[in-house]
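Raw contents of protein_11.cif, mmCIF, C-alpha atoms:
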```
data_structure
loop_
_atom_site.label_atom_id
_atom_site.label_comp_id
_atom_site.auth_asym_id
_atom_site.auth_seq_id
_atom_site.Cartn_x
_atom_site.Cartn_y
_atom_site.Cartn_z
CA MET A 97 0.00 0.00 0.00
CA TYR A 98 1.30 3.45 -0.94
CA THR A 99 1.22 6.56 1.21
CA LYS A 100 -0.54 9.59 -0.26
CA LYS A 101 2.85 11.11 -1.00
CA GLU A 102 3.99 8.01 -2.90
CA GLU A 103 0.68 7.95 -4.79
CA VAL A 104 1.28 11.51 -5.97
CA TYR A 105 4.77 10.66 -7.21
CA LYS A 106 3.46 7.57 -9.03
CA TYR A 107 0.69 9.66 -10.61
CA LEU A 108 3.15 12.31 -11.81
CA GLU A 109 5.36 9.59 -13.26
CA SER A 110 2.40 7.97 -15.03
CA LEU A 111 1.79 11.29 -16.79
CA ASN A 112 5.49 11.65 -17.61
CA ILE A 113 5.66 14.85 -15.58
CA LYS A 114 9.20 15.64 -14.51
CA TYR A 115 9.64 16.84 -10.96
CA ARG A 116 12.35 17.32 -8.40
CA LYS A 117 11.59 16.37 -4.82
CA VAL A 118 13.18 18.49 -2.11
CA GLU A 119 12.45 17.49 1.47
CA HIS A 120 13.38 19.73 4.38
CA LYS A 121 12.34 20.50 7.93
CA ALA A 122 9.34 22.73 8.50
CA VAL A 123 10.11 26.44 8.10
CA PHE A 124 8.04 29.45 9.06
CA THR A 125 9.83 32.34 7.31
CA MET A 126 11.78 32.88 4.11
CA GLU A 127 14.81 33.68 6.29
CA GLU A 128 14.62 30.17 7.79
CA MET A 129 14.22 28.77 4.30
CA SER A 130 17.35 30.52 3.02
CA LYS A 131 19.35 29.01 5.90
CA LEU A 132 18.64 25.54 4.47
CA ASN A 133 21.04 26.32 1.60
CA LEU A 134 18.96 24.63 -1.07
CA GLU A 135 20.50 24.10 -4.50
CA ASP A 136 18.39 26.58 -6.46
CA GLU A 137 16.66 29.10 -4.24
CA SER A 138 15.18 30.83 -7.30
CA GLU A 139 12.55 28.05 -7.37
CA VAL A 140 11.42 28.59 -3.76
CA VAL A 141 7.79 29.59 -3.29
CA LYS A 142 5.76 30.68 -0.30
CA ASN A 143 2.64 28.60 0.30
CA LEU A 144 0.05 30.63 2.20
CA PHE A 145 -3.24 29.24 3.49
CA ILE A 146 -5.71 32.06 3.96
CA ARG A 147 -9.42 32.46 4.61
CA ASP A 148 -12.12 35.08 4.44
CA ASP A 149 -13.41 36.80 7.57
CA LYS A 150 -16.50 34.56 7.74
CA LYS A 151 -14.46 31.32 7.54
CA GLN A 152 -16.53 30.31 4.52
CA ASN A 153 -13.84 30.32 1.84
CA TYR A 154 -10.25 29.15 2.10
CA TYR A 155 -7.46 29.72 -0.40
CA LEU A 156 -4.01 28.23 -0.91
CA ILE A 157 -1.81 30.88 -2.46
CA LEU A 158 1.61 30.25 -3.96
CA VAL A 159 3.92 33.16 -4.58
CA LYS A 160 7.57 33.43 -5.54
CA GLY A 161 9.69 33.35 -2.40
CA ASP A 162 11.04 36.90 -2.70
CA LYS A 163 7.59 38.48 -3.21
CA ARG A 164 5.27 39.87 -0.55
CA VAL A 165 1.52 39.33 -0.51
CA ASN A 166 -0.74 42.24 0.31
CA LEU A 167 -3.97 40.56 1.45
CA LYS A 168 -5.96 43.79 1.21
CA GLU A 169 -4.85 44.34 -2.37
CA LEU A 170 -5.53 40.69 -3.24
CA ARG A 171 -9.00 40.95 -1.72
CA ASN A 172 -9.79 44.06 -3.74
CA THR A 173 -8.42 42.62 -6.99
CA LEU A 174 -10.42 39.39 -6.66
CA LYS A 175 -13.47 41.09 -5.11
CA LEU A 176 -13.39 38.91 -2.00
CA ARG A 177 -14.37 39.41 1.62
CA PRO A 178 -11.57 40.55 3.99
CA LEU A 179 -8.74 37.98 4.13
CA THR A 180 -6.52 36.72 6.92
CA PHE A 181 -4.26 33.73 7.52
CA ALA A 182 -6.09 30.54 8.41
CA SER A 183 -5.48 29.02 11.84
CA GLU A 184 -3.30 25.99 12.50
CA GLU A 185 -6.50 24.08 13.31
CA ASP A 186 -8.02 24.97 9.93
CA LEU A 187 -4.80 24.03 8.18
CA GLU A 188 -4.90 20.56 9.72
CA LYS A 189 -8.66 20.21 9.23
CA TYR A 190 -8.74 21.10 5.53
CA LEU A 191 -5.30 20.17 4.23
CA GLY A 192 -4.14 17.62 6.77
CA ILE A 193 -0.81 19.39 7.26
CA LYS A 194 0.91 21.36 9.99
CA LYS A 195 2.07 24.97 10.08
CA GLY A 196 5.48 25.30 8.45
CA SER A 197 4.79 22.35 6.13
CA VAL A 198 2.33 23.92 3.70
CA THR A 199 2.71 22.63 0.16
CA ILE A 200 0.64 22.75 -3.00
CA LEU A 201 0.25 18.97 -2.72
CA GLY A 202 -1.65 19.51 0.52
CA ILE A 203 -4.61 20.54 -1.62
CA LEU A 204 -5.05 16.86 -2.47
CA ASN A 205 -6.29 16.33 1.09
CA ASP A 206 -9.08 18.88 0.67
CA THR A 207 -12.37 17.03 0.37
#
```
Could you quickly redo this structure as structure tokens?
Amino acid sequence: MYTKKEEVYKYLESLNIKYRKVEHKAVFTMEEMSKLNLEDESEVVKNLFIRDDKKQNYYLILVKGDKRVNLKELRNTLKLRPLTFASEEDLEKYLGIKKGSVTILGILNDT
């Protein structure tokens, strides 16, 4: 039996999608990330799990590591309710992952 992670890798391979797996400890800031001395830091992205003020809509945002996200500007551009970061509890509830370990693949856990 495969783990979810292994299933994802098998699925990518079945579609002939090339990928590079980089595993590292959980990090909470880009400063911590840069201390890991990864091969190609130009590929680093921030993965941000945010929600609206009514806790009705959740969003997983990926942005290049050296960019900042202005939640107010994002809200206005997308015509959304006020946005804030989701709680650790929501992160575990919806994506099955812990703070500092957010990844785009976590979206596969969202039912």
Taking the file as I've supplied it (selection: the PyMOL selection byres ((chain A and resi 160-175) around 9)), which residues are included? Please answer as an MDAnalysis selection string.
chainID A and resid 126 137:143 158:159 176:180
Could you expand the PyMOL selection byres ((chain A and resi 124) around 6) into the explicit residues it covers here, written as a PyMOL selection string?
chain A and resi 123+125+196
Counting only C-alpha atoms, the option among A:Ile157, A:Ile146, A:Val118, A:Leu204 closest to A:Leu187
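Going through A:Ile157, A:Ile146, A:Val118, A:Leu204 one by one, the smallest distance to A:Leu187 is for A:Ile146.
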Could you tell me, as a ChimeraX atom specification, exactly which residues end up selected when the PyMOL selection byres ((chain A and resi 195) around 12) is applied to this structure?
/A:121-125,143-145,181-189,191-194,196-199,202
Which of these residues is nearest to A:Lys100, using only C-alpha atoms: A:Asp149, A:Asn133, A:Lys117, A:Asn205?
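Answer, going by the shortest atom-to-atom distance: A:Asn205.
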Could you jot down the atom CA of A:Met129 to atom CA of A:Tyr105 separation for me, Å, one decimal place?
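Atom CA of A:Tyr105 lies at a distance of 23.4 Å from atom CA of A:Met129.
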Do you have the atom CA of A:Leu156-atom CA of A:Lys101 distance handy?
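Separating atom CA of A:Leu156 from atom CA of A:Lys101 is a distance of 18.4 Å.
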